[in-house]
Every structure is written in C-alpha cells, then in structure tokens.
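What follows is the content of start-v1.csv (CSV, C-alpha atoms).
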chain,number,residue,atom,x,y,z
A,1,MET,CA,-11.5,36.5,43.3
A,2,SER,CA,-15.0,35.6,42.3
A,3,GLY,CA,-17.1,34.7,39.2
A,4,VAL,CA,-14.7,32.1,37.8
A,5,ASP,CA,-16.4,30.1,35.1
A,6,PHE,CA,-13.4,28.3,33.6
A,7,LEU,CA,-10.0,27.4,35.1
A,8,TYR,CA,-7.4,26.4,32.6
A,9,VAL,CA,-4.3,24.3,33.6
A,10,ALA,CA,-1.4,24.8,31.2
A,11,PRO,CA,2.1,23.2,31.3
A,12,GLN,CA,3.8,26.6,30.6
A,13,LEU,CA,3.2,29.9,28.8
A,14,GLY,CA,6.2,30.1,26.6
A,15,THR,CA,6.1,30.7,22.8
A,16,GLY,CA,4.4,27.6,21.5
A,17,GLY,CA,1.2,26.9,19.7
A,18,LEU,CA,-0.6,25.6,22.8
A,19,GLU,CA,0.0,29.0,24.5
A,20,ARG,CA,-1.2,30.9,21.4
A,21,GLN,CA,-4.5,28.9,21.4
A,22,LEU,CA,-5.0,29.3,25.1
A,23,ALA,CA,-4.6,33.1,24.8
A,24,LEU,CA,-7.1,33.2,21.9
A,25,LEU,CA,-9.6,31.1,23.9
A,26,CYS,CA,-9.3,33.2,27.0
A,27,ARG,CA,-9.7,36.4,24.9
A,28,ALA,CA,-12.9,35.1,23.3
A,29,GLN,CA,-14.3,33.7,26.6
A,30,THR,CA,-13.8,37.0,28.3
A,31,GLU,CA,-15.3,38.9,25.4
A,32,ASP,CA,-18.4,36.7,25.9
A,33,ASP,CA,-18.4,37.6,29.6
A,34,PHE,CA,-17.1,34.4,31.0
A,35,GLY,CA,-14.6,34.6,33.9
A,36,CYS,CA,-11.3,32.7,33.3
A,37,VAL,CA,-8.2,31.8,35.4
A,38,VAL,CA,-5.1,30.2,34.1
A,39,VAL,CA,-3.0,27.9,36.4
A,40,VAL,CA,0.5,27.2,35.1
A,41,TRP,CA,2.2,23.9,36.1
A,42,ASN,CA,5.8,25.2,35.4
A,43,HIS,CA,5.5,28.9,35.6
A,44,ASP,CA,7.8,31.7,34.4
A,45,VAL,CA,6.4,35.1,35.2
A,46,ASP,CA,8.3,36.6,32.3
A,47,ALA,CA,6.9,34.1,29.7
A,48,ARG,CA,5.5,35.9,26.6
A,49,TRP,CA,2.0,34.5,26.8
A,50,ALA,CA,1.7,34.9,30.6
A,51,ARG,CA,2.0,38.7,30.0
A,52,GLU,CA,-0.5,38.5,27.0
A,53,ILE,CA,-3.1,36.6,29.0
A,54,GLU,CA,-2.8,38.9,32.0
A,55,ARG,CA,-3.4,41.9,29.7
A,56,LEU,CA,-6.8,40.3,29.0
A,57,GLY,CA,-7.7,40.7,32.7
A,58,VAL,CA,-7.2,37.0,33.3
A,59,SER,CA,-5.4,36.0,36.4
A,60,VAL,CA,-2.3,33.7,35.9
A,61,ILE,CA,-1.4,31.6,38.9
A,62,GLY,CA,1.8,29.5,39.1
A,63,MET,CA,2.2,26.3,41.0
A,64,PRO,CA,4.9,26.3,43.7
A,65,ARG,CA,8.3,26.4,42.1
A,66,GLY,CA,10.4,23.2,42.5
A,67,SER,CA,7.5,21.2,44.0
A,68,SER,CA,6.8,17.6,43.2
A,69,GLY,CA,3.8,16.6,41.1
A,70,ALA,CA,2.0,15.3,44.1
A,71,VAL,CA,2.4,18.7,45.9
A,72,LYS,CA,1.1,20.5,42.8
A,73,VAL,CA,-1.9,18.3,42.7
A,74,LEU,CA,-2.7,19.1,46.3
A,75,HIS,CA,-2.1,22.8,45.7
A,76,LEU,CA,-4.4,22.7,42.6
A,77,ARG,CA,-7.1,21.0,44.6
A,78,ARG,CA,-7.0,23.8,47.2
A,79,LEU,CA,-7.2,26.4,44.4
A,80,VAL,CA,-10.2,24.7,42.9
A,81,ARG,CA,-12.0,24.5,46.2
A,82,ARG,CA,-11.3,28.2,46.9
A,83,LEU,CA,-12.2,29.5,43.4
A,84,ALA,CA,-15.0,27.1,42.8
A,85,PRO,CA,-14.9,27.3,38.9
A,86,SER,CA,-17.7,25.7,37.0
A,87,LEU,CA,-15.3,23.7,34.9
A,88,VAL,CA,-11.5,22.9,35.0
A,89,HIS,CA,-9.8,22.3,31.6
A,90,SER,CA,-6.5,20.5,31.5
A,91,TYR,CA,-4.8,22.1,28.4
A,92,SER,CA,-2.1,19.4,28.0
A,93,PHE,CA,-2.3,15.7,27.7
A,94,TYR,CA,0.2,14.9,30.5
A,95,LEU,CA,-1.7,17.1,32.9
A,96,ASN,CA,-5.1,15.3,32.3
A,97,ALA,CA,-4.7,12.8,35.1
A,98,PRO,CA,-3.2,15.2,37.6
A,99,VAL,CA,-6.0,17.6,37.0
A,100,ALA,CA,-8.6,14.9,37.3
A,101,PHE,CA,-7.1,13.7,40.6
A,102,ALA,CA,-7.0,17.2,41.9
A,103,CYS,CA,-10.7,17.7,41.2
A,104,MET,CA,-11.9,14.2,42.3
A,105,GLY,CA,-14.9,14.4,44.6
A,106,LEU,CA,-15.4,18.2,43.9
A,107,ARG,CA,-18.5,19.6,42.2
A,108,THR,CA,-16.6,21.2,39.3
A,109,LYS,CA,-16.7,19.5,35.9
A,110,VAL,CA,-13.4,18.5,34.3
A,111,VAL,CA,-12.2,18.0,30.7
A,112,GLY,CA,-8.8,17.1,29.3
A,113,SER,CA,-6.9,17.5,26.1
A,114,ILE,CA,-5.2,15.7,23.2
A,115,ARG,CA,-3.1,18.3,21.4
A,116,ASN,CA,-1.0,16.1,19.2
A,117,ASP,CA,-1.2,12.7,17.6
A,118,TYR,CA,-2.6,10.4,20.4
A,119,HIS,CA,0.1,7.8,20.0
A,120,PHE,CA,2.8,10.5,20.2
A,121,GLU,CA,1.2,11.9,23.3
A,122,ARG,CA,1.3,8.5,25.0
A,123,ALA,CA,4.8,7.7,23.8
A,124,ASN,CA,6.1,10.9,25.3
A,125,THR,CA,4.5,10.5,28.7
A,126,SER,CA,5.6,7.9,31.3
A,127,ALA,CA,3.8,4.6,31.0
A,128,VAL,CA,1.6,5.0,34.1
A,129,LEU,CA,0.8,8.7,33.6
A,130,GLY,CA,0.2,8.1,29.8
A,131,ARG,CA,-2.4,5.4,30.5
A,132,LEU,CA,-4.1,7.5,33.2
A,133,SER,CA,-4.1,10.7,31.1
A,134,GLY,CA,-5.6,8.8,28.2
A,135,ARG,CA,-8.4,7.6,30.4
A,136,LEU,CA,-9.0,10.6,32.7
A,137,PRO,CA,-11.0,12.8,32.7
A,138,ALA,CA,-14.0,11.2,31.0
A,139,MET,CA,-14.1,13.9,28.3
A,140,LEU,CA,-11.1,14.9,26.2
A,141,ILE,CA,-11.0,17.7,23.7
A,142,ALA,CA,-8.7,17.0,20.7
A,143,ASN,CA,-7.5,19.8,18.4
A,144,ASN,CA,-7.0,17.4,15.5
A,145,ASP,CA,-9.0,14.6,13.8
A,146,GLN,CA,-6.1,12.2,13.5
A,147,GLY,CA,-5.4,12.4,17.3
A,148,ALA,CA,-9.1,11.6,18.0
A,149,ARG,CA,-9.2,8.7,15.5
A,150,ASN,CA,-6.0,7.2,16.8
A,151,SER,CA,-7.3,7.3,20.4
A,152,GLU,CA,-10.0,4.8,19.4
A,153,SER,CA,-7.4,2.0,19.2
A,154,ALA,CA,-6.2,2.5,22.8
A,155,GLY,CA,-8.8,0.1,24.3
A,156,PHE,CA,-9.5,0.4,28.0
A,157,TRP,CA,-6.9,3.0,28.6
A,158,GLY,CA,-8.2,5.2,25.8
A,159,PRO,CA,-10.6,8.1,26.2
A,160,ARG,CA,-14.2,7.4,26.9
A,161,ASN,CA,-15.4,10.5,25.0
A,162,VAL,CA,-13.5,12.7,22.5
A,163,VAL,CA,-14.7,15.9,20.9
A,164,VAL,CA,-12.7,17.6,18.2
A,165,VAL,CA,-12.3,21.4,18.4
A,166,PRO,CA,-9.9,22.7,15.8
A,167,ASN,CA,-7.4,25.4,16.5
A,168,ALA,CA,-8.3,29.0,15.6
A,169,VAL,CA,-6.3,31.7,13.9
A,170,ASP,CA,-6.2,35.4,14.5
A,171,LEU,CA,-6.8,36.9,11.1
A,172,ASP,CA,-6.6,40.5,12.3
A,173,SER,CA,-3.0,40.2,13.3
A,174,VAL,CA,-1.8,39.7,9.7
A,175,ASP,CA,-0.4,42.2,7.3
A,176,LEU,CA,-1.3,41.1,3.8
A,177,SER,CA,0.3,44.1,2.0
A,178,ARG,CA,3.9,42.9,2.4
A,179,LYS,CA,5.5,41.1,-0.6
A,180,PRO,CA,7.9,38.2,-0.1
A,181,ASP,CA,11.6,38.9,-0.1
A,182,HIS,CA,13.7,38.4,-3.2
A,183,PRO,CA,15.7,36.2,-3.6
A,184,PRO,CA,13.0,33.9,-2.1
A,185,LEU,CA,13.2,32.4,1.3
A,186,VAL,CA,11.1,29.7,3.0
A,187,LEU,CA,10.3,29.6,6.6
A,188,GLY,CA,10.2,26.7,9.1
A,189,VAL,CA,8.7,27.3,12.6
A,190,GLY,CA,8.7,25.0,15.5
A,191,ARG,CA,10.6,23.4,18.3
A,192,LEU,CA,14.0,21.8,17.4
A,193,ALA,CA,12.9,18.4,18.5
A,194,PRO,CA,13.0,14.9,16.9
A,195,GLU,CA,9.3,14.8,15.8
A,196,LYS,CA,9.7,18.0,13.7
A,197,ARG,CA,12.3,16.2,11.5
A,198,TRP,CA,14.3,19.3,10.6
A,199,ASP,CA,16.9,17.0,9.1
A,200,ARG,CA,14.5,16.6,6.1
A,201,LEU,CA,14.4,20.3,5.5
A,202,ILE,CA,18.2,20.7,5.9
A,203,ASP,CA,18.8,17.8,3.4
A,204,ALA,CA,16.3,19.4,1.0
A,205,ALA,CA,18.2,22.7,1.2
A,206,SER,CA,21.4,20.8,0.4
A,207,ILE,CA,19.9,19.2,-2.7
A,208,LEU,CA,18.8,22.6,-3.9
A,209,VAL,CA,22.3,24.0,-3.4
A,210,GLU,CA,23.8,21.1,-5.3
A,211,GLU,CA,21.3,21.6,-8.2
A,212,GLY,CA,22.3,25.2,-8.4
A,213,SER,CA,18.9,26.6,-7.4
A,214,PRO,CA,19.5,27.5,-3.7
A,215,VAL,CA,16.7,29.0,-1.6
A,216,ARG,CA,17.3,30.7,1.7
A,217,VAL,CA,15.8,28.7,4.6
A,218,LEU,CA,15.0,30.4,8.0
A,219,ILE,CA,14.2,28.1,10.9
A,220,ALA,CA,12.6,29.8,13.9
A,221,GLY,CA,12.6,27.9,17.2
A,222,GLY,CA,14.7,26.5,20.0
A,223,GLY,CA,15.1,23.1,21.4
A,224,PRO,CA,17.4,20.1,22.3
A,225,LEU,CA,18.5,19.4,18.8
A,226,GLN,CA,19.9,22.8,18.0
A,227,ARG,CA,23.6,21.9,18.2
A,228,GLN,CA,23.1,18.7,16.2
A,229,LEU,CA,21.1,20.5,13.5
A,230,VAL,CA,23.6,23.3,13.2
A,231,GLY,CA,26.3,20.7,12.8
A,232,ARG,CA,24.3,19.0,10.1
A,233,VAL,CA,24.2,22.3,8.1
A,234,ALA,CA,27.9,22.8,8.6
A,235,ASP,CA,28.7,19.3,7.4
A,236,ARG,CA,26.8,20.0,4.2
A,237,GLY,CA,28.5,23.3,3.7
A,238,ILE,CA,25.2,25.3,3.4
A,239,GLU,CA,25.6,27.7,6.2
A,240,GLU,CA,25.1,30.6,3.7
A,241,TRP,CA,21.6,29.2,2.9
A,242,VAL,CA,20.2,27.9,6.2
A,243,GLU,CA,19.9,30.1,9.2
A,244,PHE,CA,18.7,29.2,12.7
A,245,LEU,CA,16.9,32.2,14.3
A,246,GLY,CA,16.2,30.7,17.8
A,247,GLU,CA,12.9,31.4,19.5
A,248,ARG,CA,11.2,34.4,18.0
A,249,LEU,CA,8.2,36.6,18.9
A,250,ASP,CA,7.9,38.1,15.4
A,251,ILE,CA,6.6,35.1,13.5
A,252,ALA,CA,4.0,37.2,11.6
A,253,GLU,CA,6.8,39.4,10.3
A,254,LEU,CA,8.9,36.5,9.3
A,255,MET,CA,5.9,34.9,7.6
A,256,SER,CA,5.3,38.1,5.6
A,257,ARG,CA,8.9,38.0,4.3
A,258,SER,CA,8.7,34.3,3.2
A,259,SER,CA,7.6,32.8,0.0
A,260,ALA,CA,6.2,29.7,1.7
A,261,LEU,CA,6.1,27.8,5.0
A,262,VAL,CA,7.6,24.4,5.1
A,263,LEU,CA,6.4,21.7,7.6
A,264,THR,CA,8.5,18.5,7.6
A,265,SER,CA,7.1,16.9,10.8
A,266,GLU,CA,6.7,13.2,11.6
A,267,HIS,CA,4.0,13.9,14.1
A,268,GLU,CA,1.6,16.9,14.5
A,269,GLY,CA,-1.8,17.8,15.9
A,270,CYS,CA,-3.5,20.8,14.4
A,271,PRO,CA,-0.4,22.9,13.7
A,272,ASN,CA,-0.9,26.6,14.4
A,273,VAL,CA,1.9,27.6,12.1
A,274,VAL,CA,0.0,26.2,9.1
A,275,LEU,CA,-3.0,28.3,9.9
A,276,GLU,CA,-0.9,31.4,10.5
A,277,ALA,CA,0.9,31.0,7.1
A,278,MET,CA,-2.4,30.6,5.3
A,279,ALA,CA,-3.8,33.6,7.1
A,280,ALA,CA,-0.8,35.5,5.9
A,281,GLY,CA,-1.5,34.5,2.3
A,282,ARG,CA,1.5,32.2,2.0
A,283,PRO,CA,1.4,28.7,0.6
A,284,VAL,CA,2.3,25.7,2.8
A,285,ILE,CA,4.6,22.8,1.8
A,286,THR,CA,3.8,20.0,4.2
A,287,THR,CA,4.1,16.3,4.9
A,288,ASP,CA,0.9,14.5,5.8
A,289,ALA,CA,1.4,14.9,9.5
A,290,GLY,CA,-1.6,15.3,11.9
A,291,ASP,CA,-4.2,17.6,10.3
A,292,ALA,CA,-1.7,19.6,8.3
A,293,GLY,CA,-2.5,17.7,5.1
A,294,SER,CA,-6.2,18.3,5.5
A,295,PHE,CA,-5.7,22.1,5.4
A,296,VAL,CA,-3.6,21.9,2.2
A,297,THR,CA,-5.1,21.1,-1.1
A,298,ASP,CA,-2.2,20.1,-3.4
A,299,GLY,CA,-1.6,22.6,-6.1
A,300,LYS,CA,-4.3,25.0,-4.8
A,301,THR,CA,-3.4,26.2,-1.3
A,302,GLY,CA,0.1,24.7,-1.2
A,303,LEU,CA,1.9,21.4,-1.9
A,304,ARG,CA,1.6,18.1,0.0
A,305,VAL,CA,4.8,16.1,-0.3
A,306,ALA,CA,6.2,12.8,0.6
A,307,ALA,CA,8.3,12.8,3.8
A,308,GLU,CA,11.7,12.7,2.1
A,309,PRO,CA,14.2,15.4,1.2
A,310,GLY,CA,14.0,15.0,-2.6
A,311,ALA,CA,10.2,15.6,-2.7
A,312,ILE,CA,10.6,18.5,-0.3
A,313,ALA,CA,13.4,20.1,-2.4
A,314,LYS,CA,11.3,19.7,-5.5
A,315,ALA,CA,8.3,21.5,-4.0
A,316,ILE,CA,10.4,24.3,-2.5
A,317,GLY,CA,12.2,24.8,-5.8
A,318,GLY,CA,9.0,24.7,-7.8
A,319,LEU,CA,7.4,27.5,-5.7
A,320,ALA,CA,10.5,29.6,-5.7
A,321,ARG,CA,10.7,29.5,-9.5
A,322,ASP,CA,7.0,30.1,-10.0
A,323,ALA,CA,6.1,33.3,-8.1
A,324,GLU,CA,2.6,33.3,-9.8
A,325,LEU,CA,1.8,29.8,-8.5
A,326,ALA,CA,3.0,30.7,-5.0
A,327,HIS,CA,0.9,33.9,-5.0
A,328,ARG,CA,-2.2,32.0,-6.3
A,329,CYS,CA,-1.8,29.3,-3.7
A,330,GLY,CA,-1.3,31.8,-1.0
A,331,MET,CA,-4.4,33.8,-1.8
A,332,ALA,CA,-6.5,30.6,-2.0
A,333,ALA,CA,-5.1,29.6,1.4
A,334,ARG,CA,-6.1,32.9,2.8
A,335,SER,CA,-9.6,32.6,1.4
A,336,LEU,CA,-9.9,29.1,2.9
A,337,VAL,CA,-8.8,30.0,6.3
A,338,GLU,CA,-11.1,33.0,6.4
A,339,LYS,CA,-14.0,30.4,6.4
A,340,ALA,CA,-12.4,28.4,9.1
A,341,SER,CA,-12.6,28.7,12.9
A,342,GLY,CA,-11.8,32.1,14.4
A,343,ALA,CA,-11.4,32.9,18.1
A,344,GLY,CA,-15.1,33.4,18.6
A,345,ASP,CA,-15.8,30.0,17.0
A,346,LEU,CA,-13.1,28.4,19.1
A,347,ALA,CA,-14.8,29.6,22.3
A,348,ARG,CA,-18.3,28.6,21.1
A,349,LEU,CA,-17.2,25.1,20.0
A,350,THR,CA,-15.2,24.6,23.3
A,351,ARG,CA,-18.3,25.5,25.3
A,352,GLU,CA,-20.4,23.1,23.3
A,353,ALA,CA,-17.8,20.4,24.3
A,354,TYR,CA,-18.1,21.6,27.9
A,355,ARG,CA,-21.9,21.1,27.8
A,356,ARG,CA,-21.3,17.5,26.6
A,357,ALA,CA,-19.1,17.0,29.6
A,358,GLY,CA,-22.0,18.1,31.9
A,359,TRP,CA,-21.2,21.8,32.3
A,360,VAL,CA,-24.3,23.9,32.7
A,361,GLU,CA,-24.1,27.6,32.0
A,362,SER,CA,-25.2,29.7,35.0
A,363,ARG,CA,-26.0,33.4,34.4
A,364,ILE,CA,-27.3,35.8,37.0

Render the structure in this file as structure tokens.
Amino acid sequence: MSGVDFLYVAPQLGTGGLERQLALLCRAQTEDDFGCVVVVWNHDVDARWAREIERLGVSVIGMPRGSSGAVKVLHLRRLVRRLAPSLVHSYSFYLNAPVAFACMGLRTKVVGSIRNDYHFERANTSAVLGRLSGRLPAMLIANNDQGARNSESAGFWGPRNVVVVPNAVDLDSVDLSRKPDHPPLVLGVGRLAPEKRWDRLIDAASILVEEGSPVRVLIAGGGPLQRQLVGRVADRGIEEWVEFLGERLDIAELMSRSSALVLTSEHEGCPNVVLEAMAAGRPVITTDAGDAGSFVTDGKTGLRVAAEPGAIAKAIGGLARDAELAHRCGMAARSLVEKASGAGDLARLTREAYRRAGWVESRI
C-alpha cells in the first residue's frame, strides 16, 4: 500500500453520525485525489459504514480483536511507520491521546477531535485519559462551536489549538418529492442513551394524548436505555402512539415520511440528524443543545423549545395542526442547508485545519 496522505482512526464504523461524517470526508478526499486509510479501534467487518467506506476504494484496517489499549497503541504505531501517512487524524475524543502516543517521535503530523460538547466528552472518558485527550495532540478539530468554546475553560488540560469544521450533509441523497404521512408523525433519531433525553419526548407524547391531539412518534436508534424507555411508554399507556424502531439504515426514508424531526438532547455536538432533516425539507423542533439551536431559526426553519415536555408537546402539536407552517419551515430549512457545508467543503476546511497543524501538501 502506498500513497497514503491521511490515516483516520475511528472508534467503530456502526450507524452513528461520526461514521457518516467520516464516510463523507473520505469520499471527498479521494475525489480530490488524496489517499486515505481508516483504522478502526473496535472493528466489525460487517458494520454498515465499513462497507460504504471500502466501496470508495479506501482500505479499512481493524485493530487486533480483544487486545488491550496498550497493544492497540503499539499496533497503530507499527502501521503508521509502515504506511507513512502525511497526517494521522483521531476521529474520536477518547482516541486523541492513544493516537498521539502511537505517533510520538514519528514524522507524521497528528490532529485530534472534539465531536460533542467538550465537558460531556471529558465526563464520559476516564479521568486520566480525559485530561490527556483534551491536551493531546496539539491541534484538535471540533465539529461544533459550543464544544470549542467550552474547551477554553479547561485550563492546562485543555486543547492548545482548536479549529471548528462543521459537519456536512449529503444533499444528493434526499428525495424531496415525498409528502409527509397523514395522520402526521414526528421522528426522533439517535442512540438510546441518557444524554439524548428521550424521556422528554415520551412525556411530550403523553401530554398530547391526554389533550386529545395525539401525534405518532417514531424513535430510531438502539442503546442501553431501550428497556427503560419502552417501560416508560407502557406506564403512560401510549404504546399506540410511540414506536421504537431500533437501529435503522433507512433514515432518509423515515425522514421523508415525517412531518418534523424532534431533538430533545441535553448534550450535542453538531448533530447530523438536524442537517439531514433540513436537507429533506423537514422542520426541526430542538432544544438548545450543542450547535442544534444555531441551525434552527425559531418560526422560520423550525422551532426552538425549552428543555421540558410541555414546551416540546406544544411545538409538536402546533406543527402537526398547521401543515402550511411545517411546509414553509421545511422549505426554508432546505434553502438554508443548501448554503451550508457540503462534502467538498468539509474536505477543504479539514485540509485547511491540517495545514494549521503543520501538514504540507506534497504532490508529484
């Protein structure tokens, strides 16, 4: 294998937003004639985005299964020495320090990532690794403004340099001709984890049912809270109105059926699903989590709501009753996202960040 410009280190290649962005980035980099390799810390050869990235002609290499972190660091170091990439990019916060240690003393440049709120990233990484991954490498690329701002309060263990490169959206993959289902449904997409605060959406649905204005709610995603959340729906007697779909690969199809996307998170980075909904011409109802609120202009491209069930229920019910408002907000959202970063811009802005980290483009 030769001609490796960029080596990306990802935690996994499942169905999440990180994986979507990495696939878009690899596609745009290869279209610009840069050679890429993806190394996966916890690899599943059947993972959806592993197959998609390999179809781009990008090699996907898994770390030894069942190995300790230290063994993986040594294995990655051998790979970097063999492949000699111009730059190695850790694509997950908790991998920042391991990747930096693997590349220590080698000639390759190294950058890391902040892909959520900085405080959330630190809180969900062990104390030592969190400090080191906030400090190493010297340059971190954040996908959201809030994460970059919050990192400034970290003191010595915070990043020395942070560049914000927003997520991109694939506009070509969206079918704008499909009209939403009737009666209306709203869609929630994401991992069934505490930070997503699905309890707020479930309680909002319960309020709507009690008011006699129920709206169907579909929740796509899997995770540790599934049993607890299913139980919450059963306790409120709203199983007819709230459905858990599990992990899905047809998010674009689900989006086209929905009247709106609902995001009820406590913590976010630059949520892909918000951009995907806007690209599909669907309004977004969102709490002010991460950069989600910055994409949504209240009453124009969607609705920004307080992080409590009553406000969420009012917003869902309002859009469900006013199809014209929902359509107008959706079209304005589509128009806005068309002016935002596409995959080509994602690659260009990422390479600009690489240059700030000391990467020098070398063309024969």

Between A:Asn161, A:Thr125, A:Gln12, A:Asn116, which residue has the minimum interatomic distance to Ala357 in chain A, considering only C-alpha atoms? A:Asn161

Sort by chain and increasing residue number a table of all residues of range 127-235 of chain A within 12 Å of range 65-87 of chain A, each with its closest pair of atoms and their distance in Å to one decimal, counting all atoms listed in the file, and write it as a tab-separated table.
residue	atom	partner	partner_atom	distance
A:Leu129	CA	A:Gly69	CA	11.3
A:Pro137	CA	A:Leu87	CA	11.9
A:Met139	CA	A:Leu87	CA	11.9

Between A:Trp241, A:Ala205, A:Gly223, A:Trp359, single out the one closest to Gly317 in chain A, counting all atoms listed in the file.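 The answer is A:Ala205, which sits nearest to Gly317 in chain A.
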
Nearest to Ala10 in chain A: which of A:Ile202, A:Val38, A:Ala97, A:Ala23 is it, counting all atoms listed in the file?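 Ranked by minimum distance to Ala10 in chain A, first place goes to A:Val38.
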
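Reported to one decimal place, the separation of CA of Pro159 in chain A from CA of Glu121 in chain A is 12.7 Å.
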
Which residue is closest to Val110 in chain A? Choose from A:Trp49, A:Phe295, A:Tyr354, A:Phe93 and count all atoms listed in the file.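 So, comparing all the options, the nearest one is A:Tyr354.
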
Closest of A:Ala323, A:Cys103, A:Ala148, A:Ala280 to Asp172 in chain A - atom-to-atom distances counting only C-alpha atoms: A:Ala280

Hey, what's within 9 Å of Arg48 in chain A if we count all atoms listed in the file and toss same-chain stuff fewer than 2 positions away? As a list in words, please?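 Contacts, with the query itself left out: Leu13, Gly14, Thr15, Val45, Asp46, Ala50, Arg51, Glu52, Ile53 and Leu249 of chain A.
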
Save out the residues we just selected, C-alpha atoms, as a PDB file, in the frame of the given file.
ATOM      1  CA  LEU A  13       3.200  29.900  28.800  1.00  0.00           C
ATOM      2  CA  GLY A  14       6.200  30.100  26.600  1.00  0.00           C
ATOM      3  CA  THR A  15       6.100  30.700  22.800  1.00  0.00           C
ATOM      4  CA  VAL A  45       6.400  35.100  35.200  1.00  0.00           C
ATOM      5  CA  ASP A  46       8.300  36.600  32.300  1.00  0.00           C
ATOM      6  CA  ALA A  50       1.700  34.900  30.600  1.00  0.00           C
ATOM      7  CA  ARG A  51       2.000  38.700  30.000  1.00  0.00           C
ATOM      8  CA  GLU A  52      -0.500  38.500  27.000  1.00  0.00           C
ATOM      9  CA  ILE A  53      -3.100  36.600  29.000  1.00  0.00           C
ATOM     10  CA  LEU A 249       8.200  36.600  18.900  1.00  0.00           C
TER      11      LEU A 249
END

Repaired coordinates for range 8-22 of chain A (N, CA and C atoms) as a PDB file, in the coordinates of the input:
ATOM      1  N   TYR A   8      -8.219  27.073  33.540  1.00  0.00           N
ATOM      2  CA  TYR A   8      -7.400  26.400  32.600  1.00  0.00           C
ATOM      3  C   TYR A   8      -6.053  26.010  33.243  1.00  0.00           C
ATOM      4  N   VAL A   9      -5.594  24.773  33.043  1.00  0.00           N
ATOM      5  CA  VAL A   9      -4.300  24.300  33.600  1.00  0.00           C
ATOM      6  C   VAL A   9      -3.374  24.054  32.428  1.00  0.00           C
ATOM      7  N   ALA A  10      -2.327  24.877  32.315  1.00  0.00           N
ATOM      8  CA  ALA A  10      -1.400  24.800  31.200  1.00  0.00           C
ATOM      9  C   ALA A  10      -0.018  24.348  31.729  1.00  0.00           C
ATOM     10  N   PRO A  11       0.770  23.649  30.899  1.00  0.00           N
ATOM     11  CA  PRO A  11       2.100  23.200  31.300  1.00  0.00           C
ATOM     12  C   PRO A  11       3.065  24.397  31.514  1.00  0.00           C
ATOM     13  N   GLN A  12       3.014  25.376  30.598  1.00  0.00           N
ATOM     14  CA  GLN A  12       3.800  26.600  30.600  1.00  0.00           C
ATOM     15  C   GLN A  12       3.193  27.601  29.719  1.00  0.00           C
ATOM     16  N   LEU A  13       3.728  28.809  29.691  1.00  0.00           N
ATOM     17  CA  LEU A  13       3.200  29.900  28.800  1.00  0.00           C
ATOM     18  C   LEU A  13       4.291  30.502  28.020  1.00  0.00           C
ATOM     19  N   GLY A  14       5.105  29.661  27.383  1.00  0.00           N
ATOM     20  CA  GLY A  14       6.200  30.100  26.600  1.00  0.00           C
ATOM     21  C   GLY A  14       5.817  30.688  25.251  1.00  0.00           C
ATOM     22  N   THR A  15       6.387  30.152  24.167  1.00  0.00           N
ATOM     23  CA  THR A  15       6.100  30.700  22.800  1.00  0.00           C
ATOM     24  C   THR A  15       5.493  29.718  21.889  1.00  0.00           C
ATOM     25  N   GLY A  16       4.958  28.620  22.401  1.00  0.00           N
ATOM     26  CA  GLY A  16       4.400  27.600  21.500  1.00  0.00           C
ATOM     27  C   GLY A  16       3.006  27.767  21.076  1.00  0.00           C
ATOM     28  N   GLY A  17       2.564  26.812  20.243  1.00  0.00           N
ATOM     29  CA  GLY A  17       1.200  26.900  19.700  1.00  0.00           C
ATOM     30  C   GLY A  17       0.138  26.689  20.744  1.00  0.00           C
ATOM     31  N   LEU A  18       0.391  25.811  21.713  1.00  0.00           N
ATOM     32  CA  LEU A  18      -0.600  25.600  22.800  1.00  0.00           C
ATOM     33  C   LEU A  18      -0.890  26.934  23.476  1.00  0.00           C
ATOM     34  N   GLU A  19       0.158  27.698  23.762  1.00  0.00           N
ATOM     35  CA  GLU A  19       0.000  29.000  24.500  1.00  0.00           C
ATOM     36  C   GLU A  19      -0.787  29.975  23.621  1.00  0.00           C
ATOM     37  N   ARG A  20      -0.507  30.000  22.305  1.00  0.00           N
ATOM     38  CA  ARG A  20      -1.200  30.900  21.400  1.00  0.00           C
ATOM     39  C   ARG A  20      -2.739  30.585  21.457  1.00  0.00           C
ATOM     40  N   GLN A  21      -3.064  29.294  21.385  1.00  0.00           N
ATOM     41  CA  GLN A  21      -4.500  28.900  21.400  1.00  0.00           C
ATOM     42  C   GLN A  21      -5.157  29.218  22.691  1.00  0.00           C
ATOM     43  N   LEU A  22      -4.453  29.007  23.796  1.00  0.00           N
ATOM     44  CA  LEU A  22      -5.000  29.300  25.100  1.00  0.00           C
ATOM     45  C   LEU A  22      -5.309  30.807  25.219  1.00  0.00           C
TER      46      LEU A  22
END
